[in-house]
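A.B. asks: Below: one structure in structure tokens.
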Amino acid sequence: EPLTILGIETSCDETAAAVVRRRPDGWGVILSNQVASQQDHAAFGGVVPELAARAHVEVLDLLVGQALDQADQALHRLDAIAVTAGPGLIGGLIVGLSSAKALGIATGVPVLAINPLEGHLLSPRLSDQIPYPYLALLVSGGHTALVLVRGPNRYRMLGQTYDDALGEAFDKTAKLLGLGMPGGPAVEARATEGKPGRFTLPRPGHVGPGQLR
């Protein structure tokens with residue numbers, strides 16, 4: 001039986017609302033997707049949690065309305081409201097959770113607290129209908145990991161960074177070099193002007209397909 005869910009994301013510096021439906025064959029389809037990116041952090045060289053939380057407050061209700069309209073879906077007819085509950089920036093998470101709980105109380109629709117990393121790992125099933133199992137490279141501002149995904153709640157961590165995530169490393173490097181934010185595109189643009197092979201960097205050991213069990 002089809003399930004229709006409103007998703008709310010406020011874990012960092014982007015506010016998002018989307019409506020997703022599970023088809024009778026088990027695959028999901030994205031009915032709407034609304035995203036608002038924040039621009040107030042560039043002057044600080046990184047995301048300021050308090051500014052991010054305030055920006056979420058300003059636009060979240062508007063995005064939820066737009067997502068529902070785009071999907072032609074009434075709020076009270078939803079099967080559930082899914083909201084990111086952590087990890088993430090605590091201020092932003094509180095905004096999303098509070099909004100989702102308020103909608104749930106007003107409509108009687110169940111609210112589901114979601115780990116955004118699990119959302120990252122399962123999102124290829126929505127966009128590309130990838131069958132289980134599959135190998136996922138999870139790259140975000142706070143996390144970088146290789147994970148074998150066998151199904152919901154069935155994951156095997158194959159490797160992850162111990163000190164800093166890739167996204168945060170790019171932002172910190174860009175800040176040290178005075179390249180602005182977001183750091184990834186700025187560092188990549190400068191890298192095209194560099195000399196390939198100037199530095200010899202270590203490479204991780206090879207993992208063969210037979211080892212991914």
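Ligands are numbered from 1 in the order shown, residues from 1 within each chain, and chains are lettered A, B, ... in the order they appear in the structure tokens.
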List every residue of chain A that DSSP, applied to the backbone, labels as helix (DSSP H, G or I), and write the result as a PyMOL selection string.
C.D. replies: chain A and resi 42-44+49-71+75-77+90-107+116-122+124-127+166-177+183-191+209-211
A.B. asks: At a cut-off of 12 Å, can you tabulate as JSON lines every residue of segment 87-150 of chain A near segment 168-192 of chain A together with its closest atom pair and the distance in Å to one decimal, using only C-alpha atoms and ordering rows by chain then number?
C.D. replies:
```
{"residue": "A:Val139", "atom": "CA", "partner": "A:Glu168", "partner_atom": "CA", "distance": 10.1}
{"residue": "A:Ser140", "atom": "CA", "partner": "A:Glu168", "partner_atom": "CA", "distance": 8.1}
{"residue": "A:Gly141", "atom": "CA", "partner": "A:Glu168", "partner_atom": "CA", "distance": 5.0}
{"residue": "A:Gly142", "atom": "CA", "partner": "A:Glu168", "partner_atom": "CA", "distance": 6.3}
{"residue": "A:His143", "atom": "CA", "partner": "A:Glu168", "partner_atom": "CA", "distance": 8.6}
{"residue": "A:Thr144", "atom": "CA", "partner": "A:Glu168", "partner_atom": "CA", "distance": 9.8}
```
A.B. asks: Considering only C-alpha atoms, can you say which of A:Leu117, A:Ile130, A:Ala16, A:Leu31 comes closest to Gln73 of chain A?
C.D. replies: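 Checking each candidate against Gln73 of chain A, we get A:Leu31 as the closest.
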A.B. asks: Name the residues in contact with segment 147-161 of chain A at a cut-off of 12 Å, using only C-alpha atoms, excluding same-chain residues fewer than 4 positions from it; report them as an MDAnalysis selection string.
C.D. replies: chainID A and resid 114:115 117:125 130:140 142:143 165:169 204:205 207 209 211:213
A.B. asks: Can you tell me how far atom CA of Gly28 of chain A sits from atom CA of Ala145 of chain A, in Å to one decimal?
C.D. replies: 24.7 Å
A.B. asks: Could you give me, as number ranges by chain, the residues within 8 Å of segment 91-99 of chain A, counting only C-alpha atoms and dropping anything in the same chain fewer than 2 positions from it?
C.D. replies: A: 8-13, 49-50, 52-53, 56-57, 60, 83-86, 88-89, 101-103, 113
A.B. asks: Could those residues be written to a file, using C-alpha atoms, as an mmCIF file, in the first residue's frame?
C.D. replies:
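Saved the output as again-v5.cif:
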```
data_model
loop_
_atom_site.group_PDB
_atom_site.id
_atom_site.type_symbol
_atom_site.label_atom_id
_atom_site.label_comp_id
_atom_site.auth_asym_id
_atom_site.auth_seq_id
_atom_site.Cartn_x
_atom_site.Cartn_y
_atom_site.Cartn_z
ATOM 1 C CA ILE A 8 12.015 17.992 6.920
ATOM 2 C CA GLU A 9 15.769 18.676 7.029
ATOM 3 C CA THR A 10 17.438 21.362 9.179
ATOM 4 C CA SER A 11 20.626 19.661 10.387
ATOM 5 C CA CYS A 12 23.116 22.229 9.045
ATOM 6 C CA ASP A 13 22.906 25.337 6.842
ATOM 7 C CA PRO A 49 25.070 27.559 14.332
ATOM 8 C CA GLU A 50 23.014 30.451 15.744
ATOM 9 C CA ALA A 52 21.736 28.799 10.750
ATOM 10 C CA ALA A 53 19.001 28.149 13.321
ATOM 11 C CA HIS A 56 15.652 27.825 9.407
ATOM 12 C CA VAL A 57 12.953 29.531 11.482
ATOM 13 C CA LEU A 60 10.809 26.335 7.076
ATOM 14 C CA VAL A 83 12.460 14.941 10.438
ATOM 15 C CA THR A 84 16.223 14.877 10.948
ATOM 16 C CA ALA A 85 16.960 14.382 14.656
ATOM 17 C CA GLY A 86 20.753 14.188 14.707
ATOM 18 C CA GLY A 88 23.805 17.811 13.250
ATOM 19 C CA LEU A 89 23.894 21.367 14.606
ATOM 20 C CA LYS A 101 6.106 17.932 16.396
ATOM 21 C CA ALA A 102 3.794 20.941 16.144
ATOM 22 C CA LEU A 103 2.480 19.730 12.776
ATOM 23 C CA ALA A 113 12.884 11.039 14.117
#
```
A.B. asks: Calculate how many Å separate atom CA of Asp128 of chain A from atom CA of Ser32 of chain A, rounding to one decimal.
C.D. replies: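 These atoms are spaced 16.1 Å apart.
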A.B. asks: Extract the full set of strand (DSSP E or B) residues from segment 15-204 of chain A according to DSSP on the backbone, and format it as a ChimeraX atom specification.
C.D. replies: /A:15-22,28-37,80-84,111-114,134-139,144-151,154-160
A.B. asks: Mind writing the picked residues with C-alpha atoms as a short mmCIF file (atom, residue, chain, number, x, y, z; two decimals), in the first residue's frame?
C.D. replies:
```cif
data_model
loop_
_atom_site.label_atom_id
_atom_site.label_comp_id
_atom_site.auth_asym_id
_atom_site.auth_seq_id
_atom_site.Cartn_x
_atom_site.Cartn_y
_atom_site.Cartn_z
CA THR A 15 16.54 24.10 4.96
CA ALA A 16 14.63 21.46 2.99
CA ALA A 17 11.16 19.96 2.77
CA ALA A 18 10.09 17.15 0.45
CA VAL A 19 7.19 14.78 -0.08
CA VAL A 20 8.05 11.15 -0.90
CA ARG A 21 5.70 8.28 -1.73
CA ARG A 22 6.37 4.55 -1.61
CA GLY A 28 9.96 5.35 -3.70
CA VAL A 29 9.25 8.41 -5.81
CA ILE A 30 10.00 12.05 -4.93
CA LEU A 31 6.81 14.09 -5.41
CA SER A 32 8.36 17.42 -4.41
CA ASN A 33 11.63 18.85 -3.14
CA GLN A 34 12.14 22.40 -1.86
CA VAL A 35 15.53 23.68 -0.64
CA ALA A 36 16.69 27.05 0.70
CA SER A 37 20.47 27.62 0.95
CA ALA A 80 3.94 10.41 8.54
CA ILE A 81 6.27 13.37 8.98
CA ALA A 82 9.98 12.45 8.96
CA VAL A 83 12.46 14.94 10.44
CA THR A 84 16.22 14.88 10.95
CA VAL A 111 6.32 12.07 13.55
CA LEU A 112 9.44 9.99 12.81
CA ALA A 113 12.88 11.04 14.12
CA ILE A 114 15.48 10.22 11.43
CA TYR A 134 25.57 -1.62 -2.42
CA LEU A 135 28.71 0.23 -1.36
CA ALA A 136 28.15 3.86 -0.36
CA LEU A 137 30.65 6.68 0.02
CA LEU A 138 29.10 9.05 2.55
CA VAL A 139 30.58 12.54 2.31
CA THR A 144 33.18 10.80 5.65
CA ALA A 145 32.78 7.03 5.53
CA LEU A 146 32.59 3.93 3.33
CA VAL A 147 29.56 1.85 4.26
CA LEU A 148 28.17 -1.43 2.95
CA VAL A 149 24.39 -1.03 2.80
CA ARG A 150 22.41 -4.28 3.00
CA GLY A 151 19.04 -2.68 3.85
CA ARG A 154 21.61 -3.15 8.14
CA TYR A 155 24.94 -1.39 7.62
CA ARG A 156 28.59 -2.35 7.86
CA MET A 157 31.12 0.42 8.41
CA LEU A 158 34.18 -0.35 6.26
CA GLY A 159 36.15 2.78 7.04
CA GLN A 160 35.80 6.37 8.20
#
```
A.B. asks: Can you measure atom CA of His76 of chain A to atom CA of Leu63 of chain A for me? One decimal in Å is fine.
C.D. replies: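 Here the two named atoms are 16.7 Å from each other.
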